[in-house]
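Asker: Supplied structure: target.pdb, PDB, C-alpha atoms and all ligand atoms.
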```
ATOM      1  CA  MET A  20       8.398 -15.213  -7.997  1.00  0.00           C
ATOM      2  CA  LYS A  21       5.816 -17.841  -7.120  1.00  0.00           C
ATOM      3  CA  ARG A  22       3.290 -15.883  -5.118  1.00  0.00           C
ATOM      4  CA  ALA A  23       1.978 -12.351  -4.830  1.00  0.00           C
ATOM      5  CA  HIS A  24       0.586 -11.258  -1.477  1.00  0.00           C
ATOM      6  CA  VAL A  25      -1.893  -8.405  -1.234  1.00  0.00           C
ATOM      7  CA  PHE A  26      -2.529  -5.772   1.452  1.00  0.00           C
ATOM      8  CA  LEU A  27      -5.913  -4.069   1.513  1.00  0.00           C
ATOM      9  CA  GLY A  28      -7.074  -1.156   3.644  1.00  0.00           C
ATOM     10  CA  PRO A  29      -8.079   2.503   3.630  1.00  0.00           C
ATOM     11  CA  PRO A  30      -5.618   5.390   3.367  1.00  0.00           C
ATOM     12  CA  GLY A  31      -3.740   5.618   6.654  1.00  0.00           C
ATOM     13  CA  SER A  32      -4.510   2.040   7.691  1.00  0.00           C
ATOM     14  CA  GLY A  33      -0.801   1.255   7.965  1.00  0.00           C
ATOM     15  CA  LYS A  34      -0.438  -0.861   4.831  1.00  0.00           C
ATOM     16  CA  GLY A  35       2.835   0.798   3.862  1.00  0.00           C
ATOM     17  CA  THR A  36       4.362   0.584   7.345  1.00  0.00           C
ATOM     18  CA  GLN A  37       3.472  -3.078   7.737  1.00  0.00           C
ATOM     19  CA  ALA A  38       4.370  -4.035   4.179  1.00  0.00           C
ATOM     20  CA  LYS A  39       7.879  -2.596   4.545  1.00  0.00           C
ATOM     21  CA  LEU A  40       8.505  -4.505   7.781  1.00  0.00           C
ATOM     22  CA  LEU A  41       7.153  -7.780   6.440  1.00  0.00           C
ATOM     23  CA  ALA A  42       9.018  -7.528   3.171  1.00  0.00           C
ATOM     24  CA  GLU A  43      12.247  -7.203   5.101  1.00  0.00           C
ATOM     25  CA  ARG A  44      11.432 -10.006   7.504  1.00  0.00           C
ATOM     26  CA  PHE A  45      10.385 -12.511   4.841  1.00  0.00           C
ATOM     27  CA  ALA A  46      12.624 -11.338   1.971  1.00  0.00           C
ATOM     28  CA  LEU A  47       9.738 -10.265  -0.231  1.00  0.00           C
ATOM     29  CA  THR A  48       9.721  -7.545  -2.876  1.00  0.00           C
ATOM     30  CA  HIS A  49       7.627  -4.675  -1.534  1.00  0.00           C
ATOM     31  CA  MET A  50       5.661  -3.126  -4.362  1.00  0.00           C
ATOM     32  CA  SER A  51       3.735   0.041  -3.508  1.00  0.00           C
ATOM     33  CA  THR A  52       1.811   1.461  -6.444  1.00  0.00           C
ATOM     34  CA  GLY A  53       1.585   4.780  -4.551  1.00  0.00           C
ATOM     35  CA  ASP A  54       5.402   4.915  -4.371  1.00  0.00           C
ATOM     36  CA  ILE A  55       5.786   3.868  -8.014  1.00  0.00           C
ATOM     37  CA  LEU A  56       3.355   6.575  -9.131  1.00  0.00           C
ATOM     38  CA  ARG A  57       4.904   9.254  -6.885  1.00  0.00           C
ATOM     39  CA  ASP A  58       8.305   8.387  -8.306  1.00  0.00           C
ATOM     40  CA  ALA A  59       6.927   8.818 -11.842  1.00  0.00           C
ATOM     41  CA  VAL A  60       5.496  12.212 -10.833  1.00  0.00           C
ATOM     42  CA  SER A  61       8.744  13.413  -9.294  1.00  0.00           C
ATOM     43  CA  LYS A  62      10.782  12.259 -12.326  1.00  0.00           C
ATOM     44  CA  GLU A  63       8.230  13.928 -14.612  1.00  0.00           C
ATOM     45  CA  THR A  64       7.919  10.889 -16.850  1.00  0.00           C
ATOM     46  CA  GLU A  65       5.130  10.834 -19.434  1.00  0.00           C
ATOM     47  CA  ILE A  66       2.944   8.839 -17.038  1.00  0.00           C
ATOM     48  CA  GLY A  67       3.951  11.023 -14.102  1.00  0.00           C
ATOM     49  CA  LEU A  68       2.889  14.204 -15.875  1.00  0.00           C
ATOM     50  CA  ARG A  69      -0.428  12.581 -16.793  1.00  0.00           C
ATOM     51  CA  VAL A  70      -1.309  11.332 -13.288  1.00  0.00           C
ATOM     52  CA  LYS A  71       0.003  14.188 -11.131  1.00  0.00           C
ATOM     53  CA  ALA A  72      -3.267  16.130 -10.808  1.00  0.00           C
ATOM     54  CA  VAL A  73      -5.350  12.966 -10.400  1.00  0.00           C
ATOM     55  CA  MET A  74      -3.223  11.855  -7.464  1.00  0.00           C
ATOM     56  CA  ALA A  75      -3.036  15.265  -5.807  1.00  0.00           C
ATOM     57  CA  ALA A  76      -6.851  15.390  -5.848  1.00  0.00           C
ATOM     58  CA  GLY A  77      -7.043  11.988  -4.173  1.00  0.00           C
ATOM     59  CA  ASN A  78      -8.582  10.210  -7.152  1.00  0.00           C
ATOM     60  CA  LEU A  79      -7.529   6.871  -8.557  1.00  0.00           C
ATOM     61  CA  VAL A  80      -5.200   6.558 -11.500  1.00  0.00           C
ATOM     62  CA  ASP A  81      -6.819   4.596 -14.332  1.00  0.00           C
ATOM     63  CA  ASP A  82      -6.630   0.811 -14.189  1.00  0.00           C
ATOM     64  CA  ASP A  83      -4.726   0.287 -17.443  1.00  0.00           C
ATOM     65  CA  THR A  84      -1.916   2.630 -16.393  1.00  0.00           C
ATOM     66  CA  VAL A  85      -1.547   1.007 -12.975  1.00  0.00           C
ATOM     67  CA  ASN A  86      -1.784  -2.564 -14.277  1.00  0.00           C
ATOM     68  CA  GLY A  87       0.803  -1.749 -16.942  1.00  0.00           C
ATOM     69  CA  LEU A  88       3.265  -0.318 -14.411  1.00  0.00           C
ATOM     70  CA  VAL A  89       2.822  -3.277 -12.072  1.00  0.00           C
ATOM     71  CA  PHE A  90       3.100  -6.023 -14.678  1.00  0.00           C
ATOM     72  CA  ALA A  91       6.231  -4.461 -16.177  1.00  0.00           C
ATOM     73  CA  ARG A  92       7.852  -4.543 -12.730  1.00  0.00           C
ATOM     74  CA  LEU A  93       6.876  -8.149 -12.085  1.00  0.00           C
ATOM     75  CA  GLN A  94       8.822  -9.401 -15.098  1.00  0.00           C
ATOM     76  CA  GLY A  95      11.871 -11.344 -14.019  1.00  0.00           C
ATOM     77  CA  LYS A  96      11.225 -10.995 -10.265  1.00  0.00           C
ATOM     78  CA  THR A  97      12.738 -13.921  -8.401  1.00  0.00           C
ATOM     79  CA  THR A  98      11.338 -13.309  -4.917  1.00  0.00           C
ATOM     80  CA  ASP A  99       7.662 -13.348  -3.935  1.00  0.00           C
ATOM     81  CA  VAL A 100       5.974  -9.973  -4.048  1.00  0.00           C
ATOM     82  CA  LEU A 101       4.016  -8.052  -1.422  1.00  0.00           C
ATOM     83  CA  PHE A 102       1.636  -5.524  -2.973  1.00  0.00           C
ATOM     84  CA  ASP A 103       0.737  -2.405  -1.036  1.00  0.00           C
ATOM     85  CA  GLY A 104      -2.071  -0.324  -2.534  1.00  0.00           C
ATOM     86  CA  TYR A 105      -2.717  -2.745  -5.378  1.00  0.00           C
ATOM     87  CA  PRO A 106      -5.204  -4.051  -6.452  1.00  0.00           C
ATOM     88  CA  ARG A 107      -7.464  -1.145  -5.588  1.00  0.00           C
ATOM     89  CA  THR A 108     -10.397  -1.856  -7.884  1.00  0.00           C
ATOM     90  CA  LEU A 109     -12.232  -4.986  -8.924  1.00  0.00           C
ATOM     91  CA  GLN A 110     -10.860  -4.570 -12.440  1.00  0.00           C
ATOM     92  CA  GLN A 111      -7.268  -4.520 -11.078  1.00  0.00           C
ATOM     93  CA  ALA A 112      -7.964  -7.635  -8.984  1.00  0.00           C
ATOM     94  CA  GLU A 113      -9.254  -9.468 -12.041  1.00  0.00           C
ATOM     95  CA  ALA A 114      -6.329  -8.315 -14.170  1.00  0.00           C
ATOM     96  CA  LEU A 115      -3.886  -9.501 -11.503  1.00  0.00           C
ATOM     97  CA  ALA A 116      -5.620 -12.897 -11.245  1.00  0.00           C
ATOM     98  CA  GLU A 117      -5.366 -13.264 -15.019  1.00  0.00           C
ATOM     99  CA  PHE A 118      -1.682 -12.229 -15.026  1.00  0.00           C
ATOM    100  CA  LEU A 119      -0.824 -14.730 -12.279  1.00  0.00           C
ATOM    101  CA  SER A 120      -2.765 -17.672 -13.667  1.00  0.00           C
ATOM    102  CA  SER A 121      -1.425 -17.199 -17.189  1.00  0.00           C
ATOM    103  CA  ARG A 122       2.094 -17.574 -15.768  1.00  0.00           C
ATOM    104  CA  GLY A 123       1.405 -20.414 -13.355  1.00  0.00           C
ATOM    105  CA  LEU A 124       1.801 -18.083 -10.352  1.00  0.00           C
ATOM    106  CA  GLU A 125      -0.403 -17.912  -7.264  1.00  0.00           C
ATOM    107  CA  LEU A 126      -2.167 -15.340  -5.192  1.00  0.00           C
ATOM    108  CA  GLY A 127      -0.656 -15.483  -1.693  1.00  0.00           C
ATOM    109  CA  LEU A 128      -2.173 -13.981   1.444  1.00  0.00           C
ATOM    110  CA  VAL A 129      -4.718 -11.201   1.220  1.00  0.00           C
ATOM    111  CA  VAL A 130      -4.401  -9.157   4.417  1.00  0.00           C
ATOM    112  CA  ASP A 131      -7.217  -6.655   4.910  1.00  0.00           C
ATOM    113  CA  ILE A 132      -6.358  -4.044   7.547  1.00  0.00           C
ATOM    114  CA  GLU A 133      -9.471  -2.557   9.107  1.00  0.00           C
ATOM    115  CA  VAL A 134      -9.346   0.776  10.946  1.00  0.00           C
ATOM    116  CA  PRO A 135     -12.342   2.906  12.021  1.00  0.00           C
ATOM    117  CA  GLU A 136     -12.681   5.885   9.717  1.00  0.00           C
ATOM    118  CA  ALA A 137     -12.502   8.373  12.614  1.00  0.00           C
ATOM    119  CA  ALA A 138      -8.903   7.349  13.390  1.00  0.00           C
ATOM    120  CA  LEU A 139      -7.596   7.711   9.851  1.00  0.00           C
ATOM    121  CA  GLU A 140      -7.550  11.447   9.209  1.00  0.00           C
ATOM    122  CA  SER A 141      -5.066  12.265  11.968  1.00  0.00           C
ATOM    123  CA  ARG A 142      -2.831   9.409  10.885  1.00  0.00           C
ATOM    124  CA  VAL A 143      -2.651  10.798   7.375  1.00  0.00           C
ATOM    125  CA  VAL A 144      -2.493  14.531   8.130  1.00  0.00           C
ATOM    126  CA  LYS A 145       0.309  14.007  10.657  1.00  0.00           C
ATOM    127  CA  ARG A 146       2.192  11.522   8.487  1.00  0.00           C
ATOM    128  CA  ARG A 147       5.624  12.524   7.232  1.00  0.00           C
ATOM    129  CA  VAL A 148       7.643  10.445   4.822  1.00  0.00           C
ATOM    130  CA  CYS A 149      11.304  10.300   3.903  1.00  0.00           C
ATOM    131  CA  SER A 150      11.907  12.246   0.692  1.00  0.00           C
ATOM    132  CA  GLU A 151      14.556   9.766  -0.478  1.00  0.00           C
ATOM    133  CA  SER A 152      12.514   7.310  -2.562  1.00  0.00           C
ATOM    134  CA  SER A 153      14.882   4.388  -1.982  1.00  0.00           C
ATOM    135  CA  CYS A 154      14.261   4.792   1.778  1.00  0.00           C
ATOM    136  CA  GLY A 155      10.660   5.988   2.086  1.00  0.00           C
ATOM    137  CA  ALA A 156      10.498   5.554   5.887  1.00  0.00           C
ATOM    138  CA  ILE A 157       7.166   6.620   7.391  1.00  0.00           C
ATOM    139  CA  TYR A 158       6.702   8.770  10.524  1.00  0.00           C
ATOM    140  CA  HIS A 159       3.821  10.293  12.506  1.00  0.00           C
ATOM    141  CA  LEU A 160       4.336  13.628  14.243  1.00  0.00           C
ATOM    142  CA  ASP A 161       2.831  12.387  17.548  1.00  0.00           C
ATOM    143  CA  ARG A 162       2.943   8.602  17.420  1.00  0.00           C
ATOM    144  CA  LYS A 163       6.293   8.041  15.745  1.00  0.00           C
ATOM    145  CA  PRO A 164       8.221  11.321  15.551  1.00  0.00           C
ATOM    146  CA  PRO A 165      11.702  11.310  14.013  1.00  0.00           C
ATOM    147  CA  LYS A 166      14.590  11.714  16.489  1.00  0.00           C
ATOM    148  CA  THR A 167      15.635  14.962  14.809  1.00  0.00           C
ATOM    149  CA  THR A 168      12.786  17.199  13.673  1.00  0.00           C
ATOM    150  CA  GLY A 169      12.322  17.049   9.923  1.00  0.00           C
ATOM    151  CA  LEU A 170      14.983  14.422   9.242  1.00  0.00           C
ATOM    152  CA  CYS A 171      14.761  10.687   8.571  1.00  0.00           C
ATOM    153  CA  ASP A 172      16.173   8.488  11.382  1.00  0.00           C
ATOM    154  CA  LEU A 173      17.358   5.922   8.864  1.00  0.00           C
ATOM    155  CA  CYS A 174      19.061   7.929   6.127  1.00  0.00           C
ATOM    156  CA  GLY A 175      19.102  11.550   7.338  1.00  0.00           C
ATOM    157  CA  SER A 176      17.208  12.894   4.321  1.00  0.00           C
ATOM    158  CA  PRO A 177      14.580  15.609   4.834  1.00  0.00           C
ATOM    159  CA  LEU A 178      11.057  14.426   5.612  1.00  0.00           C
ATOM    160  CA  LYS A 179       8.157  15.669   3.525  1.00  0.00           C
ATOM    161  CA  HIS A 180       4.410  15.975   3.811  1.00  0.00           C
ATOM    162  CA  ARG A 181       2.771  14.227   0.851  1.00  0.00           C
ATOM    163  CA  SER A 182       0.676  16.621  -1.226  1.00  0.00           C
ATOM    164  CA  ASP A 183      -2.310  14.260  -0.872  1.00  0.00           C
ATOM    165  CA  ASP A 184      -1.931  14.018   2.921  1.00  0.00           C
ATOM    166  CA  THR A 185      -3.862  17.241   3.562  1.00  0.00           C
ATOM    167  CA  ALA A 186      -7.240  17.052   5.317  1.00  0.00           C
ATOM    168  CA  GLU A 187      -8.990  18.006   2.086  1.00  0.00           C
ATOM    169  CA  ALA A 188      -7.287  15.420  -0.149  1.00  0.00           C
ATOM    170  CA  PHE A 189      -7.714  12.822   2.577  1.00  0.00           C
ATOM    171  CA  ARG A 190     -11.491  13.306   2.510  1.00  0.00           C
ATOM    172  CA  SER A 191     -11.530  12.814  -1.208  1.00  0.00           C
ATOM    173  CA  ARG A 192      -9.337   9.676  -0.902  1.00  0.00           C
ATOM    174  CA  MET A 193     -11.755   8.296   1.707  1.00  0.00           C
ATOM    175  CA  GLU A 194     -14.678   8.959  -0.624  1.00  0.00           C
ATOM    176  CA  THR A 195     -12.863   7.141  -3.404  1.00  0.00           C
ATOM    177  CA  PHE A 196     -12.030   4.301  -1.045  1.00  0.00           C
ATOM    178  CA  ASN A 197     -15.627   3.976   0.155  1.00  0.00           C
ATOM    179  CA  ALA A 198     -16.891   3.973  -3.417  1.00  0.00           C
ATOM    180  CA  THR A 199     -14.531   1.248  -4.659  1.00  0.00           C
ATOM    181  CA  PHE A 200     -13.614  -0.951  -1.717  1.00  0.00           C
ATOM    182  CA  LYS A 201     -16.733  -3.084  -1.106  1.00  0.00           C
ATOM    183  CA  PRO A 202     -16.632  -4.973  -4.419  1.00  0.00           C
ATOM    184  CA  LEU A 203     -12.878  -5.513  -4.043  1.00  0.00           C
ATOM    185  CA  GLN A 204     -13.292  -6.866  -0.518  1.00  0.00           C
ATOM    186  CA  ALA A 205     -16.198  -9.054  -1.649  1.00  0.00           C
ATOM    187  CA  TYR A 206     -13.990 -10.439  -4.436  1.00  0.00           C
ATOM    188  CA  TYR A 207     -11.318 -11.612  -1.967  1.00  0.00           C
ATOM    189  CA  GLU A 208     -13.380 -12.312   1.152  1.00  0.00           C
ATOM    190  CA  GLY A 209     -14.395 -15.826   0.195  1.00  0.00           C
ATOM    191  CA  SER A 210     -10.809 -16.893  -0.560  1.00  0.00           C
ATOM    192  CA  PRO A 211      -9.039 -19.216   1.918  1.00  0.00           C
ATOM    193  CA  ASN A 212      -6.099 -16.770   1.789  1.00  0.00           C
ATOM    194  CA  TYR A 213      -8.124 -13.814   3.065  1.00  0.00           C
ATOM    195  CA  ARG A 214      -7.371 -12.494   6.596  1.00  0.00           C
ATOM    196  CA  LEU A 215      -9.125  -9.555   8.246  1.00  0.00           C
ATOM    197  CA  VAL A 216      -6.837  -7.752  10.710  1.00  0.00           C
ATOM    198  CA  ASP A 217      -7.709  -5.103  13.310  1.00  0.00           C
ATOM    199  CA  GLY A 218      -5.404  -2.211  12.401  1.00  0.00           C
ATOM    200  CA  SER A 219      -6.459   0.166  15.164  1.00  0.00           C
ATOM    201  CA  GLY A 220      -3.542  -0.638  17.498  1.00  0.00           C
ATOM    202  CA  THR A 221       0.016   0.649  17.413  1.00  0.00           C
ATOM    203  CA  PRO A 222       2.241  -0.360  14.487  1.00  0.00           C
ATOM    204  CA  ASP A 223       4.006  -2.882  16.777  1.00  0.00           C
ATOM    205  CA  GLU A 224       0.732  -4.474  17.854  1.00  0.00           C
ATOM    206  CA  VAL A 225      -0.474  -4.814  14.283  1.00  0.00           C
ATOM    207  CA  TYR A 226       2.920  -6.141  13.190  1.00  0.00           C
ATOM    208  CA  GLU A 227       2.734  -8.913  15.769  1.00  0.00           C
ATOM    209  CA  VAL A 228      -0.555 -10.083  14.287  1.00  0.00           C
ATOM    210  CA  VAL A 229       0.500  -9.937  10.640  1.00  0.00           C
ATOM    211  CA  VAL A 230       3.813 -11.658  11.280  1.00  0.00           C
ATOM    212  CA  LYS A 231       1.926 -14.610  12.757  1.00  0.00           C
ATOM    213  CA  ILE A 232      -0.291 -14.754   9.702  1.00  0.00           C
ATOM    214  CA  PHE A 233       2.755 -14.911   7.428  1.00  0.00           C
ATOM    215  CA  GLU A 234       4.577 -17.412   9.654  1.00  0.00           C
ATOM    216  CA  GLU A 235       1.613 -19.779   9.569  1.00  0.00           C
ATOM    217  CA  ARG A 236       1.711 -19.734   5.791  1.00  0.00           C
ATOM    218  CA  ALA A 237       5.481 -20.091   5.387  1.00  0.00           C
TER
HETATM  219  P1  LIG B   1      -2.902   5.544   0.503  1.00  0.00           P
HETATM  220  O1  LIG B   1      -3.116   4.085   0.497  1.00  0.00           O
HETATM  221  O2  LIG B   1      -2.444   6.042   1.833  1.00  0.00           O
HETATM  222  O3  LIG B   1      -4.082   6.291  -0.050  1.00  0.00           O
HETATM  223  P2  LIG B   1      -0.974   5.307  -1.659  1.00  0.00           P
HETATM  224  O4  LIG B   1       0.403   5.796  -1.525  1.00  0.00           O
HETATM  225  O5  LIG B   1      -1.221   3.853  -1.716  1.00  0.00           O
HETATM  226  O6  LIG B   1      -1.747   5.979  -0.441  1.00  0.00           O
HETATM  227  O7  LIG B   1      -1.662   5.960  -2.948  1.00  0.00           O
HETATM  228  C1  LIG B   1      -1.581   7.326  -3.240  1.00  0.00           C
HETATM  229  C2  LIG B   1      -2.346   7.664  -4.534  1.00  0.00           C
HETATM  230  O8  LIG B   1      -1.748   6.953  -5.635  1.00  0.00           O
HETATM  231  C3  LIG B   1      -3.810   7.243  -4.571  1.00  0.00           C
HETATM  232  O9  LIG B   1      -4.662   8.186  -3.957  1.00  0.00           O
HETATM  233  C4  LIG B   1      -4.050   7.109  -6.083  1.00  0.00           C
HETATM  234  O10 LIG B   1      -4.206   8.360  -6.699  1.00  0.00           O
HETATM  235  C5  LIG B   1      -2.744   6.518  -6.569  1.00  0.00           C
HETATM  236  N1  LIG B   1      -2.769   5.028  -6.580  1.00  0.00           N
HETATM  237  C6  LIG B   1      -1.984   4.201  -5.813  1.00  0.00           C
HETATM  238  N2  LIG B   1      -2.257   2.908  -6.067  1.00  0.00           N
HETATM  239  C7  LIG B   1      -3.248   2.915  -7.008  1.00  0.00           C
HETATM  240  C8  LIG B   1      -3.966   1.903  -7.682  1.00  0.00           C
HETATM  241  N3  LIG B   1      -3.740   0.593  -7.435  1.00  0.00           N
HETATM  242  N4  LIG B   1      -4.909   2.264  -8.576  1.00  0.00           N
HETATM  243  C9  LIG B   1      -5.160   3.547  -8.842  1.00  0.00           C
HETATM  244  N5  LIG B   1      -4.521   4.564  -8.249  1.00  0.00           N
HETATM  245  C10 LIG B   1      -3.571   4.265  -7.343  1.00  0.00           C
END
```
As structure tokens - that is how I would like this structure written.
Answerer:
Amino acid sequence: MKRAHVFLGPPGSGKGTQAKLLAERFALTHMSTGDILRDAVSKETEIGLRVKAVMAAGNLVDDDTVNGLVFARLQGKTTDVLFDGYPRTLQQAEALAEFLSSRGLELGLVVDIEVPEAALESRVVKRRVCSESSCGAIYHLDRKPPKTTGLCDLCGSPLKHRSDDTAEAFRSRMETFNATFKPLQAYYEGSPNYRLVDGSGTPDEVYEVVVKIFEERA
């Protein structure tokens, strides 16, 4: 790995959808801290048992735990990495910068997906995800329904509703986001790698924009 790209944005902004598509297109390793943590919860690892309630309530997992999980997974990676949901706090951004610079690696693009808050709740509450963690395809009951109700188009596994995708947990995630995002955005905003993207369109429309951003940098 030479570079680590970062996706920023509120819950439901489409980070995961876009990150998956881009990772495939540009042969990057997609690293979603949400997926890594959910996997730990479902496997009931020591970390998973510790973070389960925190996640279900829509709060952030502590920085040391998340940094530790991420850095362990970066060891030995040969392809560039695309982070989705990380860094999420200023402390994580600083820890990542330190990790990269101490290894002679670079921060790549920082893509900040902006979506008006009013549009986010329905995206999240109507989101369904593939229960097979190696697939993880993302659907929306109205905007991107699966071909067969309740089943993943790609692998046929049952779809599930994330326990933190309820209206109540969403509101708490938004509160957390609003309380932590400004300093993180301010940290990256001045960087020449920072790009603000309008994420209010359809996934295809947003994809067109982010692909161009990555192509310009390639
Ligand atoms: P979303 O971006 O839609 O909120 P994610 O799947 O990225 O969903 O994250 C789900 C949950 O996982 C978060 O609400 C939080 O509890 C935890 N989490 C994910 N990434 C981080 C992180 N970088 N730092 C702390 N907690 C995290």
Asker: Please expand the PyMOL selection byres (((not hetatm)) within 9 of (chain B and resi 1)) into the concrete residues it hits in this file, giving the result as an MDAnalysis selection string.
Answerer: chainID A and resid 27:35 51:57 70:82 84:86 89 103:108 111 143 183:184 188:189 191:193 195:196
Asker: Please return the centre and edge lengths, in Å to one decimal, of a box with edges along x, y and z that contains all listed atoms of region 46-62 of chain A, widened by 3 Å on every side, as AutoDock Vina command-line options.
Answerer:
```
--center_x 7.1 --center_y 1.0 --center_z -5.2 --size_x 17.0 --size_y 30.8 --size_z 20.3
```
Asker: For the structure shown, which residues end up in the PyMOL selection byres (((chain A and resi 206-213) around 7) and not hetatm)? Put them as number ranges by chain, please?
Answerer: A: 127-130, 202-205, 214-215
Asker: Please measure the separation of CA of Lys145 (chain A) and CA of His180 (chain A), giving the value in Å to one decimal.
Answerer: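 Between these atoms lies a distance of 8.2 Å.
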Asker: Hey, can you check how far CA of Arg190 (chain A) sits from CA of Thr36 (chain A)?
Answerer: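 Going from CA of Arg190 (chain A) over to CA of Thr36 (chain A) covers 20.9 Å.
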Asker: I would like the residues chosen by the PyMOL selection byres (((chain A and resi 98) around 6) and not hetatm) on the shown file; could you give them as number ranges by chain?
Answerer: A: 20, 47, 96-97, 99
Asker: Separation of CA of Leu41 (chain A) and CA of Glu194 (chain A), in Å?
Answerer: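 Computed distance, CA of Leu41 (chain A) to CA of Glu194 (chain A), equals 28.4 Å.
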Asker: Hey, which of A:Ile132, A:Leu170, A:Ala114, A:Val100 ends up closest to Ala42 (chain A)? Count all atoms listed in the file.
Answerer: A:Val100
Asker: Which one of A:Phe102, A:Tyr226, A:Phe90, A:Phe200 sits closest to Arg22 (chain A) if you count all atoms listed in the file?
Answerer: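 The closest residue to Arg22 (chain A) is A:Phe102.
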Asker: Write out as number ranges by chain which residues come within 12 Å of Gly175 (chain A) when counting all atoms listed in the file, dropping same-chain ones fewer than 5 positions away.
Answerer: A: 148-151, 154-156, 165-170
Asker: With only C-alpha atoms as the atoms that count, which of A:Phe26, A:Leu101, A:Asn197, A:Asp58 lies nearest to Glu136 (chain A)?
Answerer: A:Asn197
Asker: When you look at Val228 (chain A) with a cut-off of 10 Å (counting all atoms listed in the file), what residues show up, excluding the ones that are within fewer than 6 positions of it in the same chain? I need them as an MDAnalysis selection string.
Answerer: chainID A and resid 216:218
Asker: Calculated over all atoms listed in the file, which of the candidates A:Thr48, A:Pro222, A:Lys62, A:Arg92 has the smallest distance to Lys163 (chain A)?
Answerer: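 Answer, going by the shortest atom-to-atom distance: A:Pro222.
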Asker: May I ask which of the residues A:Leu178, A:Asp83, A:Ser219, A:Asp131 is the closest one to Ile232 (chain A), counting all atoms listed in the file?
Answerer: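 The closest residue to Ile232 (chain A) is A:Asp131.
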Asker: Quick one: of A:Ile66, A:Cys174, A:Val144, A:Val25, who's nearest to Glu125 (chain A), counting all atoms listed in the file?
Answerer: A:Val25
